[in-house]
Each structure stands twice: as C-alpha cells, then as structure tokens.
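K.L.:
upload.txt is reproduced below (compact mmCIF, C-alpha atoms).
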```txt
# COMPACT_ATOMS: atom_id res chain seq x y z
CA MET M 24 0.00 0.00 0.00
CA LYS M 25 2.82 2.37 0.99
CA LYS M 26 4.62 1.58 -2.27
CA ASN M 27 1.44 2.29 -4.28
CA ILE M 28 1.10 5.73 -2.67
CA ILE M 29 4.76 6.54 -3.42
CA ILE M 30 4.32 5.43 -7.04
CA PHE M 31 1.14 7.51 -7.34
CA PHE M 32 2.81 10.68 -6.05
CA MET M 33 5.90 10.14 -8.18
CA LEU M 34 3.76 9.68 -11.30
CA VAL M 35 1.74 12.82 -10.46
CA PHE M 36 5.02 14.72 -10.03
CA ASP M 37 6.32 13.34 -13.35
CA VAL M 38 3.15 14.43 -15.19
CA TYR M 39 3.30 17.87 -13.53
CA ALA M 40 6.98 18.27 -14.56
CA PHE M 41 6.16 17.16 -18.12
CA ILE M 42 3.31 19.67 -18.47
CA HIS M 43 5.31 22.44 -16.77
CA GLY M 44 8.33 21.68 -18.96
CA LYS M 45 6.20 21.92 -22.09
CA ILE M 46 5.08 25.47 -21.25
CA TYR M 47 7.85 27.59 -22.74
CA HIS M 48 8.86 31.04 -21.48
CA VAL M 49 11.37 31.82 -24.21
CA SER M 50 12.11 34.52 -26.76
CA ALA M 51 10.77 34.37 -30.32
CA ALA M 52 14.32 33.79 -31.62
CA TYR M 53 14.76 30.84 -29.21
CA GLU M 54 11.46 29.34 -30.32
CA ASP M 55 12.30 29.75 -34.01
CA PHE M 56 15.73 28.14 -33.69
CA TYR M 57 15.46 25.46 -31.00
CA ILE M 58 11.80 24.46 -31.15
CA LYS M 59 10.53 25.19 -34.68
CA HIS M 60 13.93 24.79 -36.42
CA ALA M 61 12.85 27.67 -38.70
CA ILE M 62 16.11 29.68 -38.61
CA SER M 63 19.83 28.87 -38.69
CA ALA M 64 22.25 29.19 -35.76
CA GLU M 65 23.76 32.32 -37.35
CA GLN M 66 20.33 33.95 -37.71
CA TYR M 67 19.51 33.01 -34.13
CA ALA M 68 22.76 34.52 -32.83
CA ALA M 69 22.18 37.70 -34.85
CA ARG M 70 18.63 38.06 -33.53
CA ILE M 71 19.74 37.49 -29.94
CA ARG M 72 22.43 40.17 -30.31
CA VAL M 73 19.80 42.63 -31.67
CA GLU M 74 17.40 41.74 -28.83
CA GLU M 75 20.17 42.30 -26.26
CA LYS M 76 21.02 45.66 -27.82
CA ASN M 77 17.36 46.72 -27.81
CA ALA M 78 16.97 45.59 -24.22
CA GLN M 79 20.01 47.67 -23.20
CA HIS M 80 18.68 50.63 -25.19
CA SER M 81 15.20 50.51 -23.67
CA TYR M 82 16.76 50.03 -20.23
CA SER M 83 18.92 53.14 -20.60
CA LYS M 84 15.89 55.11 -21.90
CA GLU M 85 13.83 54.02 -18.92
CA THR M 86 16.66 54.87 -16.51
CA MET M 87 16.93 58.34 -18.01
CA TYR M 88 13.16 58.85 -17.73
CA ARG M 89 13.14 57.66 -14.10
CA SER M 90 16.08 59.85 -13.17
CA LYS M 91 14.31 62.84 -14.69
CA LEU M 92 11.22 62.19 -12.61
CA PHE M 93 13.32 61.37 -9.53
CA LEU M 94 11.69 58.01 -9.30
CA PRO M 95 13.45 55.29 -7.29
CA MET X 2 37.56 -17.28 3.98
CA ASN X 3 41.26 -16.38 3.98
CA ILE X 4 41.61 -17.68 0.43
CA ILE X 5 38.76 -15.40 -0.71
CA LYS X 6 40.32 -12.44 1.10
CA THR X 7 43.74 -13.11 -0.47
CA LYS X 8 42.13 -13.47 -3.90
CA ASN X 9 40.23 -10.17 -3.48
CA ALA X 10 43.38 -8.42 -2.29
CA LYS X 11 45.28 -9.78 -5.31
CA THR X 12 42.52 -8.58 -7.67
CA PHE X 13 42.53 -5.16 -6.01
CA ILE X 14 46.32 -4.80 -6.31
CA PHE X 15 46.12 -5.96 -9.93
CA VAL X 16 43.44 -3.35 -10.80
CA PHE X 17 45.35 -0.63 -8.93
CA LEU X 18 48.58 -1.54 -10.78
CA PHE X 19 46.79 -1.35 -14.14
CA LEU X 20 45.27 2.03 -13.24
CA PHE X 21 48.74 3.28 -12.34
CA VAL X 22 50.17 2.03 -15.67
CA ASN X 23 47.25 3.63 -17.52
CA PHE X 24 47.78 6.94 -15.73
CA SER X 25 51.52 6.77 -16.51
CA LEU X 26 50.70 6.24 -20.19
CA TYR X 27 48.58 9.41 -20.15
CA ARG X 28 51.38 11.24 -18.31
CA PHE X 29 53.99 10.00 -20.79
CA MET X 30 51.98 10.85 -23.91
CA SER X 31 50.37 14.13 -22.85
CA PRO X 32 52.00 17.37 -24.04
CA HIS X 33 54.67 18.42 -21.53
CA THR X 34 53.12 21.78 -20.76
CA GLU X 35 49.87 20.22 -19.54
CA SER X 36 49.01 18.13 -16.51
CA VAL X 37 47.29 14.77 -17.11
CA ALA X 38 43.98 16.20 -15.81
CA ILE X 39 44.08 18.99 -18.40
CA ALA X 40 45.43 16.83 -21.23
CA ALA X 41 42.80 14.11 -20.67
CA CYS X 42 40.04 16.73 -20.82
CA GLN X 43 39.01 16.66 -24.49
CA TRP X 44 35.79 17.44 -26.36
CA ASP X 45 32.66 17.28 -24.14
CA CYS X 46 34.77 17.27 -20.97
CA ALA X 47 34.96 21.08 -21.18
CA TRP X 48 31.14 21.27 -20.96
CA TYR X 49 31.06 19.05 -17.85
CA MET X 50 33.86 21.00 -16.17
CA GLY X 51 32.08 24.26 -17.09
CA ILE X 52 28.88 23.08 -15.39
CA ALA X 53 30.84 21.89 -12.34
CA LYS X 54 32.52 25.30 -12.04
CA ASN X 55 29.80 27.77 -13.07
CA GLY X 56 26.54 25.81 -13.12
CA TYR X 57 24.11 25.86 -16.06
CA SER X 58 24.03 28.96 -18.24
CA GLU X 59 20.85 30.92 -18.96
CA HIS X 60 21.82 31.64 -22.56
CA ALA X 61 23.40 29.75 -25.42
CA ILE X 62 26.67 30.75 -27.13
CA THR X 63 26.00 33.58 -29.60
CA GLU X 64 29.60 34.60 -30.36
CA GLY X 65 32.22 32.69 -32.33
CA GLY X 66 31.84 30.28 -35.22
CA GLU X 67 31.63 26.58 -34.53
CA LYS X 68 29.74 26.52 -31.23
CA LEU X 69 27.03 28.98 -32.22
CA GLY X 70 23.74 28.15 -30.49
CA GLN X 71 25.29 25.42 -28.33
CA ALA X 72 24.70 25.42 -24.57
CA ASN X 73 25.49 23.22 -21.59
CA TRP X 74 21.81 22.24 -21.15
CA ALA X 75 22.54 19.14 -23.25
CA PHE X 76 24.68 17.70 -20.44
CA PHE X 77 22.97 16.06 -17.48
CA PRO X 78 23.81 17.19 -13.94
CA ALA X 79 24.72 14.06 -11.91
CA TYR X 80 28.41 13.92 -12.87
CA PRO X 81 29.18 17.67 -12.68
CA VAL X 82 27.38 17.88 -9.32
CA LEU X 83 29.50 14.98 -8.02
CA VAL X 84 32.65 16.71 -9.31
CA THR X 85 31.64 19.97 -7.58
CA ILE X 86 31.04 18.19 -4.26
CA PHE X 87 34.31 16.24 -4.54
CA SER X 88 36.23 19.38 -5.44
CA TYR X 89 34.64 21.29 -2.52
CA VAL X 90 35.55 18.54 -0.05
CA THR X 91 39.09 17.82 -1.27
CA HIS X 92 40.06 21.31 -2.57
CA PHE X 93 41.36 19.71 -5.77
CA THR X 94 40.73 21.51 -9.06
CA TYR X 95 37.58 20.54 -10.99
CA HIS X 96 39.62 18.76 -13.66
CA THR X 97 41.59 16.73 -11.10
CA SER X 98 38.43 15.91 -9.12
CA GLY X 99 36.67 14.70 -12.26
CA LEU X 100 39.60 12.49 -13.17
CA ILE X 101 40.02 11.03 -9.67
CA LEU X 102 36.28 10.27 -9.52
CA ASN X 103 36.39 8.42 -12.83
CA TYR X 104 39.54 6.50 -11.86
CA ALA X 105 37.73 5.47 -8.67
CA LEU X 106 34.53 4.48 -10.49
CA TRP X 107 36.31 2.31 -13.08
CA PRO X 108 37.34 -0.55 -10.70
CA LEU X 109 33.81 -0.46 -9.26
CA LEU X 110 32.42 -0.85 -12.78
CA ILE X 111 34.65 -3.88 -13.43
CA LEU X 112 33.53 -5.37 -10.13
CA LEU X 113 29.87 -4.85 -11.13
CA CYS X 114 30.51 -6.45 -14.53
CA LEU X 115 31.99 -9.50 -12.77
CA LYS X 116 29.01 -9.59 -10.41
CA ASN X 117 26.59 -9.39 -13.36
CA LEU X 118 28.43 -12.25 -15.07
CA ALA X 119 28.20 -14.30 -11.88
CA LEU X 120 24.44 -13.67 -11.76
CA LYS X 121 24.25 -14.90 -15.36
CA LYS X 122 26.07 -18.02 -14.12
CA LEU X 123 29.05 -17.25 -16.35
CA GLN X 124 32.51 -17.65 -14.93
CA PRO X 125 35.13 -15.65 -16.83
CA LYS X 126 38.83 -15.85 -16.02
CA THR X 127 38.84 -12.89 -13.60
CA MET X 128 42.39 -11.69 -14.21
CA TRP X 129 42.00 -11.89 -17.98
CA PHE X 130 38.67 -10.09 -17.73
CA ILE X 131 40.31 -7.24 -15.80
CA VAL X 132 43.22 -7.09 -18.26
CA PHE X 133 40.99 -6.99 -21.34
CA ALA X 134 38.59 -4.48 -19.76
CA MET X 135 41.55 -2.25 -18.90
CA LEU X 136 42.99 -2.54 -22.40
CA TYR X 137 39.66 -2.22 -24.23
CA PRO X 138 40.56 0.53 -26.73
CA LEU X 139 37.30 2.44 -26.45
CA ASN X 140 37.44 2.90 -22.68
CA ILE X 141 39.21 6.27 -23.08
CA TRP X 142 36.02 8.11 -22.04
CA TYR X 143 36.26 6.31 -18.70
CA PHE X 144 39.69 7.87 -18.11
CA SER X 145 38.66 11.35 -19.11
CA GLN X 146 36.25 13.71 -17.34
CA TYR X 147 33.11 12.27 -18.96
CA SER X 148 29.92 10.97 -17.33
CA GLU X 149 30.43 7.46 -18.78
CA PRO X 150 31.80 5.76 -15.61
CA LEU X 151 29.05 7.15 -13.38
CA TYR X 152 26.37 6.16 -15.88
CA GLY X 153 27.95 2.71 -16.29
CA VAL X 154 28.05 2.10 -12.54
CA LEU X 155 24.42 3.20 -12.15
CA LEU X 156 23.22 1.13 -15.11
CA LEU X 157 24.96 -2.04 -13.95
CA SER X 158 23.83 -1.44 -10.35
CA SER X 159 20.20 -1.14 -11.55
CA ILE X 160 20.50 -4.42 -13.48
CA ILE X 161 22.13 -6.25 -10.56
CA PHE X 162 19.62 -4.93 -7.99
CA LEU X 163 16.79 -5.97 -10.26
CA LYS X 164 18.21 -9.45 -10.78
CA GLU X 165 18.60 -9.76 -7.00
CA ASN X 166 14.96 -8.70 -6.57
CA LYS X 167 15.93 -5.48 -4.71
CA ILE X 168 13.32 -3.29 -6.38
CA THR X 169 13.61 -0.22 -4.14
CA LEU X 170 17.38 -0.01 -4.65
CA ALA X 171 16.91 -0.56 -8.41
CA ALA X 172 14.39 2.31 -8.44
CA LEU X 173 16.83 4.59 -6.61
CA THR X 174 19.65 3.83 -9.08
CA CYS X 175 17.19 4.34 -11.99
CA CYS X 176 16.39 7.79 -10.57
CA ALA X 177 20.10 8.67 -10.34
CA MET X 178 20.73 7.20 -13.82
CA SER X 179 18.08 9.53 -15.29
CA LEU X 180 20.07 12.43 -13.87
CA ALA X 181 23.34 11.12 -15.34
CA ARG X 182 22.68 10.89 -19.08
CA PRO X 183 19.83 11.50 -21.57
CA THR X 184 19.54 7.74 -22.15
CA GLY X 185 19.06 7.10 -18.42
CA PHE X 186 15.27 7.45 -18.36
CA VAL X 187 14.90 5.27 -21.46
CA MET X 188 17.07 2.61 -19.78
CA ALA X 189 14.72 2.77 -16.76
CA ILE X 190 11.76 2.15 -19.09
CA GLY X 191 13.69 -0.72 -20.74
CA LEU X 192 14.44 -2.28 -17.36
CA ALA X 193 10.79 -1.89 -16.32
CA LEU X 194 9.64 -3.61 -19.52
CA TRP X 195 12.12 -6.43 -19.01
CA TRP X 196 11.03 -6.86 -15.39
CA PHE X 197 7.37 -6.93 -16.43
CA CYS X 198 7.97 -9.63 -19.08
CA HIS X 199 10.56 -11.60 -17.10
CA ASN X 200 8.88 -11.69 -13.72
CA LYS X 201 5.25 -12.62 -14.06
CA ASN X 202 4.19 -12.44 -10.41
CA ARG X 203 1.36 -10.29 -9.08
CA ASN X 204 3.73 -7.44 -8.18
CA SER X 205 5.41 -7.15 -11.58
CA VAL X 206 3.12 -4.33 -12.81
CA ARG X 207 3.60 -2.35 -9.60
CA ASP X 208 7.40 -2.88 -9.58
CA SER X 209 7.68 -1.91 -13.25
CA LEU X 210 5.66 1.23 -12.58
CA LEU X 211 7.95 2.04 -9.67
CA LEU X 212 11.01 1.84 -11.93
CA VAL X 213 9.42 4.10 -14.57
CA ALA X 214 8.17 6.59 -11.96
CA ALA X 215 11.58 6.68 -10.24
CA GLY X 216 13.38 7.15 -13.56
CA GLY X 217 10.87 9.84 -14.41
CA LEU X 218 11.50 11.54 -11.07
CA GLY X 219 15.18 12.08 -11.92
CA LEU X 220 14.35 13.47 -15.34
CA SER X 221 11.50 15.58 -13.93
CA LEU X 222 13.85 17.30 -11.48
CA PHE X 223 16.12 18.30 -14.36
CA VAL X 224 13.14 19.39 -16.50
CA LEU X 225 11.82 21.64 -13.70
CA TYR X 226 15.30 23.07 -13.11
CA LEU X 227 15.75 23.89 -16.80
CA SER X 228 12.24 25.32 -16.95
CA ALA X 229 13.11 27.74 -14.16
CA LYS X 230 16.59 28.54 -15.51
CA VAL X 231 16.07 28.70 -19.28
CA GLY X 232 12.29 28.88 -19.64
CA ASP X 233 12.25 25.60 -21.55
CA GLY X 234 12.06 22.38 -19.54
CA PHE X 235 13.14 20.30 -22.52
CA ALA X 236 16.07 22.54 -23.46
CA PHE X 237 18.39 19.50 -23.11
CA SER X 238 16.61 17.96 -26.11
CA HIS X 239 15.92 21.16 -28.10
CA VAL X 240 19.55 22.31 -27.91
CA GLN X 241 20.65 19.23 -29.90
CA ILE X 242 19.86 21.17 -33.09
CA ALA X 243 22.93 23.34 -32.40
CA TRP X 244 25.04 20.19 -32.80
CA GLY X 245 23.28 19.47 -36.09
CA ARG X 246 21.11 16.75 -34.57
CA GLU X 247 17.51 16.53 -35.71
CA PHE X 248 14.88 13.95 -34.86
CA LYS X 249 14.12 11.28 -37.48
CA ILE X 250 12.58 7.88 -36.88
CA PHE X 251 15.16 5.07 -36.63
CA PRO X 252 16.84 4.07 -39.02
CA LEU X 253 16.16 7.03 -41.36
CA HIS X 254 19.41 8.81 -40.43
CA ILE X 255 21.43 5.69 -41.34
CA ILE X 256 19.57 5.23 -44.66
CA ASP X 257 19.89 8.94 -45.54
CA ASN X 258 23.62 8.93 -44.77
CA LEU X 259 24.19 5.85 -46.93
CA TYR X 260 22.16 7.41 -49.74
CA VAL X 261 23.93 10.78 -49.78
CA HIS X 262 27.36 9.43 -48.71
CA GLN X 263 27.80 11.57 -45.60
CA HIS X 264 29.14 10.68 -42.13
CA LEU X 265 30.04 7.29 -43.58
CA THR X 266 32.42 6.17 -40.80
CA ALA X 267 29.81 6.84 -38.10
CA THR X 268 27.13 5.22 -40.28
CA TYR X 269 29.18 2.02 -40.65
CA ILE X 270 29.75 2.05 -36.89
CA ALA X 271 25.95 2.32 -36.45
CA LEU X 272 25.48 -0.69 -38.75
CA ALA X 273 28.09 -2.61 -36.73
CA ALA X 274 26.17 -1.62 -33.59
CA ILE X 275 22.98 -3.18 -35.02
CA ILE X 276 24.88 -6.42 -35.67
CA LEU X 277 26.37 -6.26 -32.16
CA SER X 278 23.00 -5.90 -30.42
CA CYS X 279 21.62 -8.83 -32.47
CA ALA X 280 24.70 -10.91 -31.56
CA MET X 281 24.19 -10.13 -27.87
CA VAL X 282 20.61 -11.40 -28.04
CA ILE X 283 21.65 -14.50 -30.01
CA TYR X 284 24.38 -15.29 -27.43
CA GLY X 285 21.74 -15.25 -24.71
CA TRP X 286 22.49 -11.76 -23.40
CA ARG X 287 18.85 -10.77 -23.95
CA LEU X 288 18.50 -7.96 -21.42
CA GLU X 289 21.89 -6.45 -22.25
CA GLY X 290 21.24 -6.75 -26.01
CA PHE X 291 17.82 -5.17 -25.58
CA LEU X 292 19.25 -2.23 -23.60
CA VAL X 293 22.06 -1.69 -26.14
CA ALA X 294 19.50 -1.82 -28.98
CA LEU X 295 17.34 0.72 -27.13
CA THR X 296 20.36 3.02 -26.74
CA LEU X 297 21.10 2.58 -30.45
CA VAL X 298 17.54 3.44 -31.51
CA LEU X 299 17.51 6.51 -29.26
CA ALA X 300 20.98 7.70 -30.33
CA CYS X 301 20.37 7.12 -34.05
CA SER X 302 17.05 8.99 -33.96
CA THR X 303 19.00 12.26 -33.71
CA GLY X 304 21.94 11.32 -35.95
CA VAL X 305 24.88 8.94 -36.06
CA LYS X 306 27.47 11.25 -34.50
CA SER X 307 29.06 9.81 -31.30
CA ILE X 308 27.45 6.42 -31.95
CA GLY X 309 30.84 4.74 -31.43
CA ARG X 310 31.02 6.12 -27.90
CA LEU X 311 27.37 5.52 -27.05
CA ILE X 312 27.35 1.89 -28.18
CA PHE X 313 30.91 0.57 -28.21
CA ALA X 314 31.86 2.31 -24.95
CA ASN X 315 28.58 1.25 -23.35
CA PRO X 316 29.38 -0.75 -20.18
CA LEU X 317 27.15 -3.62 -21.36
CA THR X 318 28.97 -3.81 -24.69
CA ILE X 319 32.35 -3.73 -22.93
CA GLU X 320 31.18 -6.52 -20.61
CA PHE X 321 29.96 -8.64 -23.53
CA LEU X 322 33.01 -8.15 -25.77
CA VAL X 323 35.50 -8.60 -22.96
CA TYR X 324 33.71 -11.76 -21.84
CA LEU X 325 33.90 -13.11 -25.42
CA ALA X 326 37.61 -12.25 -25.52
CA THR X 327 38.26 -14.12 -22.25
CA SER X 328 36.38 -17.17 -23.55
CA THR X 329 38.89 -17.73 -26.38
CA GLY X 330 41.78 -20.19 -26.22
CA LYS X 331 45.09 -19.38 -24.52
CA THR X 332 46.99 -18.58 -27.76
CA TYR X 333 44.22 -16.27 -29.01
CA ARG X 334 44.16 -14.54 -25.65
CA TYR X 335 47.85 -13.70 -25.86
CA VAL X 336 47.48 -12.48 -29.45
CA LEU X 337 44.49 -10.38 -28.37
CA PHE X 338 46.49 -9.04 -25.45
CA PHE X 339 49.26 -7.66 -27.68
CA LEU X 340 46.75 -6.36 -30.20
CA LEU X 341 44.78 -4.56 -27.46
CA VAL X 342 47.95 -3.09 -25.92
CA CYS X 343 48.87 -1.56 -29.31
CA LEU X 344 45.31 -0.29 -29.92
CA HIS X 345 44.98 1.09 -26.38
CA VAL X 346 48.21 3.09 -26.64
CA THR X 347 47.28 4.35 -30.12
CA VAL X 348 43.79 5.46 -29.06
CA ILE X 349 45.18 7.27 -25.97
CA TYR X 350 47.67 9.08 -28.21
CA PHE X 351 44.90 10.18 -30.61
CA TRP X 352 42.64 11.15 -27.71
CA LEU X 353 45.32 13.35 -26.13
CA HIS X 354 45.92 14.98 -29.50
CA GLY X 355 42.21 15.68 -30.07
CA LEU X 356 41.23 13.33 -32.93
CA LYS X 357 37.73 14.47 -33.95
CA ILE X 358 36.26 11.00 -34.53
CA LEU X 359 36.67 10.35 -30.78
CA ALA X 360 34.47 13.34 -29.84
```
Please lay out the structure from this file as structure tokens.
P.N.:
Amino acid sequence: MKKNIIIFFMLVFDVYAFIHGKIYHVSAAYEDFYIKHAISAEQYAARIRVEEKNAQHSYSKETMYRSKLFLP
Amino acid sequence: MNIIKTKNAKTFIFVFLFLFVNFSLYRFMSPHTESVAIAACQWDCAWYMGIAKNGYSEHAITEGGEKLGQANWAFFPAYPVLVTIFSYVTHFTYHTSGLILNYALWPLLILLCLKNLALKKLQPKTMWFIVFAMLYPLNIWYFSQYSEPLYGVLLLSSIIFLKENKITLAALTCCAMSLARPTGFVMAIGLALWWFCHNKNRNSVRDSLLLVAAGGLGLSLFVLYLSAKVGDGFAFSHVQIAWGREFKIFPLHIIDNLYVHQHLTATYIALAAIILSCAMVIYGWRLEGFLVALTLVLACSTGVKSIGRLIFANPLTIEFLVYLATSTGKTYRYVLFFLLVCLHVTVIYFWLHGLKILA
C-alpha cells in the first residue's frame, strides 16, 4: 500500500513536470531556432544580439526617464 | 575465507597496478606543458567542467563560429554535481576531481561487470577479464572527465539490484541514472519492460511502474530546473539542433547517410552496432542486447554522430566483448592481449591529441 502511494505521487510529479516543462517562457528567436527549427544558428545569434542591444537601449531610456522624474 | 580475502586483495592490487600504468601512459603521452587532468580533458569534458565550475548557463553561445547556439543544457547534472562536491571537499581543481572520480569508479564498474556475469552463471577468467577491460581501446572516455563511468556504474547497479529482486534499490539507481545521461530514463523504461515480461508475479506491474516513476523523477527534477533557468524544460533535447542533430525515426538517419554518402564512418559504426546488439541477443544476453539496442535506436534517432562512444563504450557492450575475448583459447588470448595493448596506446595518443572521430 505504501509503495502504491509513493508510485502515485511520483507519477503525479512526473506528469506535472512534463506539463510544466512543455510550457515555454522563451524569446521568439529561441522558439524559431530550437523548437521550430525555422532559422539557422547564425540567424539566431544575430537576432539574440539585436534583442540584447534593444533591451540595453530601452533600459537606458527608462533609466533616463526615471532619473528625470526622480523616481526610485 | 582467507583464500577469498587473499584473492580479493590480489585482484585489487592488480586493478590498482593497471590504473597506475594507464595513468603513466597518459602522463607519458600528454603534451609536456599540460598536466594529465588537463590533457585528458578533451571534447565534451569542457562542458562538464564548465557546469561543475559555473553551473548551467541561462543563454546559449552567440559569439564565435563553430559553437554557435550550443549550450550546456545538453549535459545532465549528476556527474558535474558529483565533481563539484568532490572538489569542494578535497580542494582539488575541478579537472583533477573529475579524473580522480572516474579512476575510482572504473574498478567499481569492473567489479559490477563480474558480479553481473556471476548472476548470469558465467565464470570468466577474472584476471584476464580485468586485463581486457583495462585494455579495451574504447574505454578512453572512462579515463577522461566524462559521465560514462558514473552512468555505467548506475546502469549495472540497476541491473544487478533488479536481478537480485531489490526493487527499491533498483528504483533509486534508476532515478540517479536519469540524472546522469539522456539515455538514463529510457534505460529505466527498458528495465521496467524487461522486469514486467521476465517476472510474471502479481507485483510485476507495480514494480515496473515504480522503476518508470523513479526514472521519471530524476528526469522531472532536471526538467523543472531547466524550466526555471532557461524557460524551456526540454532545453536538453531542443539544444541538440545546435550540434546538427535533428529527430528522425530510426533508421532514417542511417539510410539517408548511406544514400547521400555523408558521415560514412559513423554510419558504418551504427550498422556494426545493429549487428552487435543482435549478436548479444543471439548469445543469450537478452537484457543487455535489448538495452544496447534501445540506446542505439535513441541515439540514431538524432543522428549517427558519437554512436561509437554511445554503443561501443557502453558498459554492457564492454562486458559482452571482454567476456567473449576471455572465452577464447590461450593462444588467441595472448594475441588479443598484444593487439589490445597496441590499440589502447594508439587510441590514448589520438585522444590526447584531439582526434575528432573520438568526440
């Protein structure tokens, strides 16, 4: 009986991990390269570099805006 | 009792002596500027050592040429975690810790092979078995910082525990095996299937389910970790595309390669692996043959690269081939001995100098 309960909980955990693992929280470039295989590694790398640049740019813009308004 | 103790001591000294000779060979052949631990670390070893030192990365490599898109998510955590713990306790470098661990696991693996043979009611000539296992040319991954020894020990432990009817221990080793290599969970399923067919008592369904659930538990932990770290729980599988691996149903990769004449060496090795797994089944090594065939199907479904390592350096294959070698006549054994010495030294030399086919 004890073994059956352990098996049941382990299986529930396995199913939960499978479903949770299948829900992706990734960038569009990641999805296109790793999951859909729609772009090449070079295209993926280029897109990631652009995304990083944009993220830095928007971050610096936001920082400037916040500093102007004296926000924390 | 004393005779057994003396025999065990003799075997232990013999194994230790061979390990020392093997280490000396690496020392002698490695470039003078490098230590053995650094020189032995080739190909995927760098990934394992990277994980041991820095943990898993959040992003893939986006700079440089060859490794574009690759990431350490493809490598399972059991071995690097063990290296980190060992390094923390002993204060050795990660490379040295990895090497010491594998040198320590190798005799244990031989011992488990001998135990498995005893359970199969086969009695090999122990000393010859140790000699041939030590000289087996494709055991180089066991003397580098790879996860092969850990996986081998866990796989053979699972088989032995199962044969001895110790289901809980088999389930625990299955769980650890799923954390050691991508094939670990599939091996747990294979073992569960074998147990279900082999052992037709009223508990066989429950025991088989336990093995699958325990194997799944190990994999689930890694999936949840990757999900939190990368945002993709199955990143270990998805990242294979960066190594040029793509899923195709077995044996389409082999047929395609033969048709377009690409990766021919690896393709011929894959064909040899098919023959090997059939031979294992024909020789009565049904479970081992089945598990090797399962590994082959899984490995070949994403390409034929590394098939030599996955099949011919598989602990079950080593056990089978070495047992066959020890079963030959005395003259053949001596011929084989000299042949294996030459091959062993040659393969070590090529390994230390980074031959790509050994990646």
K.L.:
Between CA of Tyr333 (chain X) and CA of Tyr350 (chain X), what is the distance in Å, rounded to a tenth?
P.N.:
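Taking CA of Tyr333 (chain X) as the start and CA of Tyr350 (chain X) as the end point, the length is 25.6 Å.
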K.L.:
Show me, as a ChimeraX atom specification, the residues that have an atom within 6 Å of region 43-47 of chain M when counting only C-alpha atoms, minus same-chain residues fewer than 4 positions from it.
P.N.:
/M:39 /X:224,228,232-234
K.L.:
Could you please take those selected residues and save C-alpha atoms as a PDB file, in the coordinates of the input?
P.N.:
```pdb
ATOM      1  CA  TYR M  39       3.300  17.870 -13.530  1.00  0.00           C
TER       2      TYR M  39
ATOM      3  CA  VAL X 224      13.140  19.390 -16.500  1.00  0.00           C
ATOM      4  CA  SER X 228      12.240  25.320 -16.950  1.00  0.00           C
ATOM      5  CA  GLY X 232      12.290  28.880 -19.640  1.00  0.00           C
ATOM      6  CA  ASP X 233      12.250  25.600 -21.550  1.00  0.00           C
ATOM      7  CA  GLY X 234      12.060  22.380 -19.540  1.00  0.00           C
TER       8      GLY X 234
END
```
K.L.:
Taking only C-alpha atoms into account, which of M:Ala40, M:Ile29, M:Met24, M:Val35 comes nearest chain X?
P.N.:
M:Ala40
K.L.:
Quick one: pull the distance between CA of Asn103 (chain X) and CA of Pro150 (chain X), Å, one decimal.
P.N.:
6.0 Å
K.L.:
Provide as a ChimeraX atom specification the residues of chain X at most 10 Å from chain M, counting only C-alpha atoms.
P.N.:
/X:60-71,169,207-208,210-229,231-236,238-245,247
K.L.:
Once you add 8 Å to each side, what are the centre and edge lengths of the axis-aligned box holding all listed atoms of region 75-84 of chain X? One decimal in Å, as lines of an AutoDock Vina configuration file, if you can.
P.N.:
```
center_x = 27.6
center_y = 16.5
center_z = -15.6
size_x = 26.1
size_y = 21.2
size_z = 31.2
```
K.L.:
Which is closest to Arg287 (chain X) among X:Leu353, X:Gly304, X:His199, X:Val346, if we use all atoms listed in the file?
P.N.:
X:His199
K.L.:
What separation in Å, quoted to one decimal, exists between CA of Met128 (chain X) and CA of Thr327 (chain X)?
P.N.:
9.4 Å
K.L.:
Between X:Leu288, X:Val298, X:Val305, X:Ala79, which one has atoms that come closest to Leu265 (chain X), using all atoms listed in the file?
P.N.:
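Of all the options, X:Val305 lies closest to Leu265 (chain X).
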K.L.:
Can you list, as an mmCIF file with C-alpha atoms, keeping the file's coordinate frame, every protein, DNA or RNA residue that comes within 8 Å of Ser278 (chain X) when you count all atoms listed in the file, leaving out same-chain residues fewer than 4 positions away?
P.N.:
```
data_model
loop_
_atom_site.group_PDB
_atom_site.id
_atom_site.type_symbol
_atom_site.label_atom_id
_atom_site.label_comp_id
_atom_site.auth_asym_id
_atom_site.auth_seq_id
_atom_site.Cartn_x
_atom_site.Cartn_y
_atom_site.Cartn_z
ATOM 1 C CA ALA X 274 26.170 -1.620 -33.590
ATOM 2 C CA VAL X 282 20.610 -11.400 -28.040
ATOM 3 C CA GLY X 290 21.240 -6.750 -26.010
ATOM 4 C CA PHE X 291 17.820 -5.170 -25.580
ATOM 5 C CA VAL X 293 22.060 -1.690 -26.140
ATOM 6 C CA ALA X 294 19.500 -1.820 -28.980
#
```
K.L.:
Measuring atom to atom with all atoms listed in the file, identify which of X:Pro183, X:Pro252, X:Pro81, X:Gly153 is nearest to Thr318 (chain X).
P.N.:
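Among the listed residues, the smallest separation from Thr318 (chain X) belongs to X:Gly153.
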